[in-house]
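Contents: one structure, followed by commentary.
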Amino acid sequence: MRMLNKIKKILMIELGTLIFALSVGMFILPGRILTGGVAGINLYSSFIGEDPDVDQICDHIFHFMELDPDGKHIALGGDLDGCEALPAGFEGVQSYPALAKQLAKRGVDDQLLRKIFWENALGVMETCCM
């Protein structure tokens with residue numbers, strides 16, 4: 001992801017660093033995310049917590065929503081292609097619908113789900129790659 005720094009219009013995508021910082025209790029939101037990038041929710045078990053499950057993934061997303069109430073800078077980071085373990089009840093991309101359903105159960109509306117699951121990351125990629 002660091003290669004995005006070399007693109008003329010820089011919009012950083014922070015995928016893992018921020019989530020790890022949140023999991024160890026450091027509540028930070030780098031200024032570069034506030035300028036148009038997204039923070040990706042990393043689904044690697046070690047970043048989510050001890051004995052993580054889908055509810056804890058939701059907890060992380062809700063914490064991000066405290067920092068970004070409009071949800072403009074939240075996306076799914078995934079880290080599904082090399083992590084050693086995923087939270088219980090989450091097996092990979094095939095589990096994204098279950099995550100969306102759980103978020104909806106907890107009050108996230110369809111518009112915000114679209115932002116988190118697709119539109120925010122796509123907007124950054126369109127801006128950086130066009």
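Convention: chains lettered A, B, ... in structure tokens order; per-chain residue numbering from 1; ligands numbered from 1 as shown.
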Who sits within 10 Å of region 81-93 of chain A, only C-alpha atoms, same chain under 4 positions skipped, as a JSON list (two decimals) with N, CA, C and O atoms, in the first residue's frame:
[["chain", "number", "residue", "atom", "x", "y", "z"],
["A", 42, "ASN", "N", -9.10, -4.45, 9.59],
["A", 42, "ASN", "CA", -8.29, -5.65, 9.39],
["A", 42, "ASN", "C", -8.93, -6.80, 10.14],
["A", 42, "ASN", "O", -9.21, -6.69, 11.33],
["A", 43, "LEU", "N", -9.15, -7.90, 9.47],
["A", 43, "LEU", "CA", -9.88, -9.01, 10.06],
["A", 43, "LEU", "C", -8.99, -10.11, 10.62],
["A", 43, "LEU", "O", -9.47, -11.16, 11.03],
["A", 44, "TYR", "N", -7.70, -9.87, 10.66],
["A", 44, "TYR", "CA", -6.77, -10.83, 11.25],
["A", 44, "TYR", "C", -7.07, -10.95, 12.74],
["A", 44, "TYR", "O", -7.18, -9.95, 13.45],
["A", 45, "SER", "N", -7.21, -12.17, 13.23],
["A", 45, "SER", "CA", -7.63, -12.41, 14.62],
["A", 45, "SER", "C", -6.80, -11.65, 15.65],
["A", 45, "SER", "O", -7.35, -11.10, 16.61],
["A", 46, "SER", "N", -5.50, -11.60, 15.48],
["A", 46, "SER", "CA", -4.64, -10.93, 16.45],
["A", 46, "SER", "C", -4.94, -9.44, 16.55],
["A", 46, "SER", "O", -4.66, -8.82, 17.57],
["A", 47, "PHE", "N", -5.49, -8.85, 15.49],
["A", 47, "PHE", "CA", -5.82, -7.43, 15.53],
["A", 47, "PHE", "C", -7.20, -7.19, 16.13],
["A", 47, "PHE", "O", -7.51, -6.08, 16.51],
["A", 48, "ILE", "N", -8.03, -8.21, 16.17],
["A", 48, "ILE", "CA", -9.40, -8.05, 16.67],
["A", 48, "ILE", "C", -9.46, -8.23, 18.18],
["A", 48, "ILE", "O", -10.15, -7.49, 18.87],
["A", 49, "GLY", "N", -8.74, -9.19, 18.71],
["A", 49, "GLY", "CA", -8.75, -9.40, 20.16],
["A", 49, "GLY", "C", -8.63, -10.86, 20.51],
["A", 49, "GLY", "O", -8.45, -11.71, 19.64],
["A", 50, "GLU", "N", -8.74, -11.15, 21.79],
["A", 50, "GLU", "CA", -8.65, -12.53, 22.27],
["A", 50, "GLU", "C", -9.93, -13.28, 21.94],
["A", 50, "GLU", "O", -11.02, -12.78, 22.19],
["A", 51, "ASP", "N", -9.82, -14.47, 21.40],
["A", 51, "ASP", "CA", -10.98, -15.27, 21.00],
["A", 51, "ASP", "C", -11.99, -14.44, 20.23],
["A", 51, "ASP", "O", -13.17, -14.37, 20.59],
["A", 52, "PRO", "N", -11.56, -13.80, 19.14],
["A", 52, "PRO", "CA", -12.45, -12.89, 18.42],
["A", 52, "PRO", "C", -13.57, -13.61, 17.67],
["A", 52, "PRO", "O", -13.43, -14.78, 17.29],
["A", 53, "ASP", "N", -14.66, -12.89, 17.47],
["A", 53, "ASP", "CA", -15.77, -13.40, 16.68],
["A", 53, "ASP", "C", -16.35, -12.25, 15.85],
["A", 53, "ASP", "O", -15.82, -11.13, 15.88],
["A", 54, "VAL", "N", -17.42, -12.52, 15.13],
["A", 54, "VAL", "CA", -18.01, -11.51, 14.26],
["A", 54, "VAL", "C", -18.49, -10.29, 15.06],
["A", 54, "VAL", "O", -18.39, -9.16, 14.61],
["A", 55, "ASP", "N", -18.99, -10.52, 16.28],
["A", 55, "ASP", "CA", -19.43, -9.39, 17.11],
["A", 55, "ASP", "C", -18.27, -8.45, 17.42],
["A", 55, "ASP", "O", -18.45, -7.23, 17.47],
["A", 56, "GLN", "N", -17.08, -8.99, 17.65],
["A", 56, "GLN", "CA", -15.93, -8.13, 17.93],
["A", 56, "GLN", "C", -15.49, -7.35, 16.69],
["A", 56, "GLN", "O", -15.02, -6.23, 16.80],
["A", 57, "ILE", "N", -15.67, -7.95, 15.50],
["A", 57, "ILE", "CA", -15.41, -7.20, 14.27],
["A", 57, "ILE", "C", -16.36, -6.00, 14.24],
["A", 57, "ILE", "O", -15.96, -4.86, 13.96],
["A", 97, "PRO", "N", -21.30, -11.37, 3.81],
["A", 97, "PRO", "CA", -22.74, -11.18, 4.00],
["A", 97, "PRO", "C", -23.17, -11.38, 5.46],
["A", 97, "PRO", "O", -24.04, -10.65, 5.95],
["A", 98, "ALA", "N", -22.58, -12.33, 6.16],
["A", 98, "ALA", "CA", -22.91, -12.54, 7.58],
["A", 98, "ALA", "C", -22.48, -11.33, 8.42],
["A", 98, "ALA", "O", -23.19, -10.92, 9.34],
["A", 99, "LEU", "N", -21.33, -10.74, 8.08],
["A", 99, "LEU", "CA", -20.87, -9.55, 8.78],
["A", 99, "LEU", "C", -21.84, -8.38, 8.52],
["A", 99, "LEU", "O", -22.22, -7.67, 9.45]]
Please, which residues of region 83-116 of chain A, numbered as in this document, come out helix (DSSP H, G or I) from DSSP, as a PDB file with all heavy atoms, in the first residue's frame?
ATOM      1  N   VAL A  93     -14.004 -14.116   2.414  1.00  0.00           N
ATOM      2  CA  VAL A  93     -14.936 -13.228   1.728  1.00  0.00           C
ATOM      3  C   VAL A  93     -16.354 -13.789   1.715  1.00  0.00           C
ATOM      4  O   VAL A  93     -17.322 -13.034   1.683  1.00  0.00           O
ATOM      5  CB  VAL A  93     -14.482 -12.888   0.292  1.00  0.00           C
ATOM      6  CG1 VAL A  93     -13.226 -12.045   0.311  1.00  0.00           C
ATOM      7  CG2 VAL A  93     -14.296 -14.130  -0.537  1.00  0.00           C
ATOM      8  N   GLN A  94     -16.480 -15.104   1.764  1.00  0.00           N
ATOM      9  CA  GLN A  94     -17.814 -15.706   1.793  1.00  0.00           C
ATOM     10  C   GLN A  94     -18.570 -15.359   3.078  1.00  0.00           C
ATOM     11  O   GLN A  94     -19.783 -15.549   3.157  1.00  0.00           O
ATOM     12  CB  GLN A  94     -17.742 -17.229   1.606  1.00  0.00           C
ATOM     13  CG  GLN A  94     -17.068 -17.980   2.734  1.00  0.00           C
ATOM     14  CD  GLN A  94     -15.564 -18.147   2.561  1.00  0.00           C
ATOM     15  OE1 GLN A  94     -14.891 -17.305   1.974  1.00  0.00           O
ATOM     16  NE2 GLN A  94     -15.031 -19.246   3.075  1.00  0.00           N
ATOM     17  N   SER A  95     -17.888 -14.823   4.071  1.00  0.00           N
ATOM     18  CA  SER A  95     -18.525 -14.435   5.330  1.00  0.00           C
ATOM     19  C   SER A  95     -18.897 -12.954   5.385  1.00  0.00           C
ATOM     20  O   SER A  95     -19.489 -12.501   6.363  1.00  0.00           O
ATOM     21  CB  SER A  95     -17.601 -14.773   6.509  1.00  0.00           C
ATOM     22  OG  SER A  95     -17.379 -16.163   6.573  1.00  0.00           O
ATOM     23  N   TYR A  96     -18.563 -12.185   4.344  1.00  0.00           N
ATOM     24  CA  TYR A  96     -18.941 -10.769   4.339  1.00  0.00           C
ATOM     25  C   TYR A  96     -20.458 -10.566   4.473  1.00  0.00           C
ATOM     26  O   TYR A  96     -20.887  -9.675   5.198  1.00  0.00           O
ATOM     27  CB  TYR A  96     -18.420 -10.055   3.093  1.00  0.00           C
ATOM     28  CG  TYR A  96     -16.956  -9.659   3.165  1.00  0.00           C
ATOM     29  CD1 TYR A  96     -16.168  -9.667   2.026  1.00  0.00           C
ATOM     30  CD2 TYR A  96     -16.372  -9.254   4.352  1.00  0.00           C
ATOM     31  CE1 TYR A  96     -14.836  -9.301   2.077  1.00  0.00           C
ATOM     32  CE2 TYR A  96     -15.039  -8.884   4.415  1.00  0.00           C
ATOM     33  CZ  TYR A  96     -14.275  -8.903   3.266  1.00  0.00           C
ATOM     34  OH  TYR A  96     -12.967  -8.532   3.313  1.00  0.00           O
ATOM     35  N   PRO A  97     -21.297 -11.371   3.809  1.00  0.00           N
ATOM     36  CA  PRO A  97     -22.744 -11.185   4.004  1.00  0.00           C
ATOM     37  C   PRO A  97     -23.175 -11.378   5.464  1.00  0.00           C
ATOM     38  O   PRO A  97     -24.040 -10.646   5.950  1.00  0.00           O
ATOM     39  CB  PRO A  97     -23.373 -12.243   3.094  1.00  0.00           C
ATOM     40  CG  PRO A  97     -22.357 -12.461   2.020  1.00  0.00           C
ATOM     41  CD  PRO A  97     -21.030 -12.341   2.727  1.00  0.00           C
ATOM     42  N   ALA A  98     -22.576 -12.329   6.163  1.00  0.00           N
ATOM     43  CA  ALA A  98     -22.910 -12.539   7.579  1.00  0.00           C
ATOM     44  C   ALA A  98     -22.482 -11.334   8.417  1.00  0.00           C
ATOM     45  O   ALA A  98     -23.187 -10.924   9.343  1.00  0.00           O
ATOM     46  CB  ALA A  98     -22.247 -13.814   8.103  1.00  0.00           C
ATOM     47  N   LEU A  99     -21.330 -10.741   8.082  1.00  0.00           N
ATOM     48  CA  LEU A  99     -20.871  -9.547   8.781  1.00  0.00           C
ATOM     49  C   LEU A  99     -21.837  -8.384   8.521  1.00  0.00           C
ATOM     50  O   LEU A  99     -22.222  -7.667   9.447  1.00  0.00           O
ATOM     51  CB  LEU A  99     -19.451  -9.179   8.343  1.00  0.00           C
ATOM     52  CG  LEU A  99     -18.867  -7.893   8.927  1.00  0.00           C
ATOM     53  CD1 LEU A  99     -18.827  -7.928  10.460  1.00  0.00           C
ATOM     54  CD2 LEU A  99     -17.464  -7.655   8.355  1.00  0.00           C
ATOM     55  N   ALA A 100     -22.253  -8.223   7.276  1.00  0.00           N
ATOM     56  CA  ALA A 100     -23.203  -7.159   6.940  1.00  0.00           C
ATOM     57  C   ALA A 100     -24.526  -7.363   7.690  1.00  0.00           C
ATOM     58  O   ALA A 100     -25.106  -6.408   8.217  1.00  0.00           O
ATOM     59  CB  ALA A 100     -23.451  -7.121   5.432  1.00  0.00           C
ATOM     60  N   LYS A 101     -24.961  -8.597   7.747  1.00  0.00           N
ATOM     61  CA  LYS A 101     -26.217  -8.905   8.457  1.00  0.00           C
ATOM     62  C   LYS A 101     -26.097  -8.565   9.944  1.00  0.00           C
ATOM     63  O   LYS A 101     -27.006  -7.995  10.545  1.00  0.00           O
ATOM     64  CB  LYS A 101     -26.556 -10.380   8.269  1.00  0.00           C
ATOM     65  CG  LYS A 101     -27.870 -10.787   8.867  1.00  0.00           C
ATOM     66  CD  LYS A 101     -28.177 -12.248   8.578  1.00  0.00           C
ATOM     67  CE  LYS A 101     -29.497 -12.663   9.208  1.00  0.00           C
ATOM     68  NZ  LYS A 101     -29.848 -14.050   8.883  1.00  0.00           N
ATOM     69  N   GLN A 102     -24.959  -8.889  10.542  1.00  0.00           N
ATOM     70  CA  GLN A 102     -24.746  -8.599  11.961  1.00  0.00           C
ATOM     71  C   GLN A 102     -24.696  -7.092  12.210  1.00  0.00           C
ATOM     72  O   GLN A 102     -25.240  -6.599  13.192  1.00  0.00           O
ATOM     73  CB  GLN A 102     -23.476  -9.278  12.460  1.00  0.00           C
ATOM     74  CG  GLN A 102     -23.263  -9.196  13.947  1.00  0.00           C
ATOM     75  CD  GLN A 102     -24.344  -9.925  14.747  1.00  0.00           C
ATOM     76  OE1 GLN A 102     -25.063 -10.777  14.237  1.00  0.00           O
ATOM     77  NE2 GLN A 102     -24.472  -9.576  15.997  1.00  0.00           N
ATOM     78  N   LEU A 103     -24.047  -6.362  11.314  1.00  0.00           N
ATOM     79  CA  LEU A 103     -24.005  -4.898  11.449  1.00  0.00           C
ATOM     80  C   LEU A 103     -25.408  -4.314  11.309  1.00  0.00           C
ATOM     81  O   LEU A 103     -25.783  -3.404  12.053  1.00  0.00           O
ATOM     82  CB  LEU A 103     -23.061  -4.292  10.410  1.00  0.00           C
ATOM     83  CG  LEU A 103     -21.569  -4.475  10.682  1.00  0.00           C
ATOM     84  CD1 LEU A 103     -20.758  -4.142   9.439  1.00  0.00           C
ATOM     85  CD2 LEU A 103     -21.120  -3.627  11.861  1.00  0.00           C
ATOM     86  N   ALA A 104     -26.181  -4.829  10.364  1.00  0.00           N
ATOM     87  CA  ALA A 104     -27.555  -4.351  10.181  1.00  0.00           C
ATOM     88  C   ALA A 104     -28.398  -4.646  11.420  1.00  0.00           C
ATOM     89  O   ALA A 104     -29.188  -3.801  11.859  1.00  0.00           O
ATOM     90  CB  ALA A 104     -28.179  -4.997   8.949  1.00  0.00           C
ATOM     91  N   LYS A 105     -28.196  -5.821  12.005  1.00  0.00           N
ATOM     92  CA  LYS A 105     -28.901  -6.179  13.236  1.00  0.00           C
ATOM     93  C   LYS A 105     -28.592  -5.196  14.358  1.00  0.00           C
ATOM     94  O   LYS A 105     -29.426  -4.929  15.214  1.00  0.00           O
ATOM     95  CB  LYS A 105     -28.452  -7.580  13.677  1.00  0.00           C
ATOM     96  CG  LYS A 105     -29.517  -8.623  13.697  1.00  0.00           C
ATOM     97  CD  LYS A 105     -28.896  -9.981  13.854  1.00  0.00           C
ATOM     98  CE  LYS A 105     -29.249 -10.629  15.155  1.00  0.00           C
ATOM     99  NZ  LYS A 105     -28.746 -12.007  15.231  1.00  0.00           N
ATOM    100  N   ASP A 110     -28.558   0.545   5.371  1.00  0.00           N
ATOM    101  CA  ASP A 110     -28.056   0.071   4.078  1.00  0.00           C
ATOM    102  C   ASP A 110     -27.056   1.031   3.440  1.00  0.00           C
ATOM    103  O   ASP A 110     -26.075   0.606   2.837  1.00  0.00           O
ATOM    104  CB  ASP A 110     -29.210  -0.168   3.105  1.00  0.00           C
ATOM    105  CG  ASP A 110     -30.020  -1.401   3.447  1.00  0.00           C
ATOM    106  OD1 ASP A 110     -29.535  -2.247   4.238  1.00  0.00           O
ATOM    107  OD2 ASP A 110     -31.140  -1.542   2.915  1.00  0.00           O
ATOM    108  N   GLN A 111     -27.309   2.331   3.564  1.00  0.00           N
ATOM    109  CA  GLN A 111     -26.405   3.311   2.963  1.00  0.00           C
ATOM    110  C   GLN A 111     -25.001   3.219   3.574  1.00  0.00           C
ATOM    111  O   GLN A 111     -24.000   3.215   2.857  1.00  0.00           O
ATOM    112  CB  GLN A 111     -26.960   4.719   3.144  1.00  0.00           C
ATOM    113  CG  GLN A 111     -26.081   5.783   2.521  1.00  0.00           C
ATOM    114  CD  GLN A 111     -26.623   7.186   2.739  1.00  0.00           C
ATOM    115  OE1 GLN A 111     -27.610   7.401   3.433  1.00  0.00           O
ATOM    116  NE2 GLN A 111     -25.969   8.165   2.139  1.00  0.00           N
ATOM    117  N   LEU A 112     -24.921   3.121   4.888  1.00  0.00           N
ATOM    118  CA  LEU A 112     -23.618   3.022   5.538  1.00  0.00           C
ATOM    119  C   LEU A 112     -22.964   1.673   5.239  1.00  0.00           C
ATOM    120  O   LEU A 112     -21.749   1.601   5.048  1.00  0.00           O
ATOM    121  CB  LEU A 112     -23.738   3.246   7.043  1.00  0.00           C
ATOM    122  CG  LEU A 112     -22.431   3.279   7.832  1.00  0.00           C
ATOM    123  CD1 LEU A 112     -21.424   4.262   7.228  1.00  0.00           C
ATOM    124  CD2 LEU A 112     -22.704   3.629   9.285  1.00  0.00           C
ATOM    125  N   LEU A 113     -23.741   0.615   5.161  1.00  0.00           N
ATOM    126  CA  LEU A 113     -23.176  -0.688   4.787  1.00  0.00           C
ATOM    127  C   LEU A 113     -22.540  -0.613   3.403  1.00  0.00           C
ATOM    128  O   LEU A 113     -21.441  -1.130   3.200  1.00  0.00           O
ATOM    129  CB  LEU A 113     -24.253  -1.781   4.812  1.00  0.00           C
ATOM    130  CG  LEU A 113     -24.694  -2.252   6.182  1.00  0.00           C
ATOM    131  CD1 LEU A 113     -25.889  -3.199   6.060  1.00  0.00           C
ATOM    132  CD2 LEU A 113     -23.555  -2.919   6.934  1.00  0.00           C
ATOM    133  N   ARG A 114     -23.217   0.036   2.455  1.00  0.00           N
ATOM    134  CA  ARG A 114     -22.639   0.181   1.111  1.00  0.00           C
ATOM    135  C   ARG A 114     -21.318   0.945   1.162  1.00  0.00           C
ATOM    136  O   ARG A 114     -20.352   0.602   0.485  1.00  0.00           O
ATOM    137  CB  ARG A 114     -23.620   0.883   0.169  1.00  0.00           C
ATOM    138  CG  ARG A 114     -24.679  -0.038  -0.405  1.00  0.00           C
ATOM    139  CD  ARG A 114     -25.444   0.611  -1.558  1.00  0.00           C
ATOM    140  NE  ARG A 114     -25.997   1.916  -1.218  1.00  0.00           N
ATOM    141  CZ  ARG A 114     -27.162   2.119  -0.620  1.00  0.00           C
ATOM    142  NH1 ARG A 114     -27.906   1.100  -0.270  1.00  0.00           N
ATOM    143  NH2 ARG A 114     -27.587   3.344  -0.361  1.00  0.00           N
ATOM    144  N   LYS A 115     -21.264   2.003   1.977  1.00  0.00           N
ATOM    145  CA  LYS A 115     -20.022   2.772   2.106  1.00  0.00           C
ATOM    146  C   LYS A 115     -18.896   1.892   2.633  1.00  0.00           C
ATOM    147  O   LYS A 115     -17.794   1.863   2.079  1.00  0.00           O
ATOM    148  CB  LYS A 115     -20.216   3.957   3.057  1.00  0.00           C
ATOM    149  CG  LYS A 115     -20.991   5.109   2.503  1.00  0.00           C
ATOM    150  CD  LYS A 115     -21.065   6.199   3.570  1.00  0.00           C
ATOM    151  CE  LYS A 115     -21.852   7.387   3.146  1.00  0.00           C
ATOM    152  NZ  LYS A 115     -21.915   8.410   4.209  1.00  0.00           N
ATOM    153  N   ILE A 116     -19.164   1.192   3.728  1.00  0.00           N
ATOM    154  CA  ILE A 116     -18.127   0.386   4.390  1.00  0.00           C
ATOM    155  C   ILE A 116     -17.675  -0.781   3.516  1.00  0.00           C
ATOM    156  O   ILE A 116     -16.490  -1.067   3.408  1.00  0.00           O
ATOM    157  CB  ILE A 116     -18.633  -0.122   5.754  1.00  0.00           C
ATOM    158  CG1 ILE A 116     -18.806   1.045   6.725  1.00  0.00           C
ATOM    159  CG2 ILE A 116     -17.681  -1.172   6.339  1.00  0.00           C
ATOM    160  CD1 ILE A 116     -19.531   0.682   8.013  1.00  0.00           C
TER     161      ILE A 116
END
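Across the structure, CA of Arg106 (chain A) and CA of Ile61 (chain A) are spaced 11.2 Å apart.
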Q: Find the distance between CA of Phe62 (chain A) and CA of Trp118 (chain A) and write it in Å to one decimal.
A: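 CA of Trp118 (chain A) lies 17.0 Å from CA of Phe62 (chain A).
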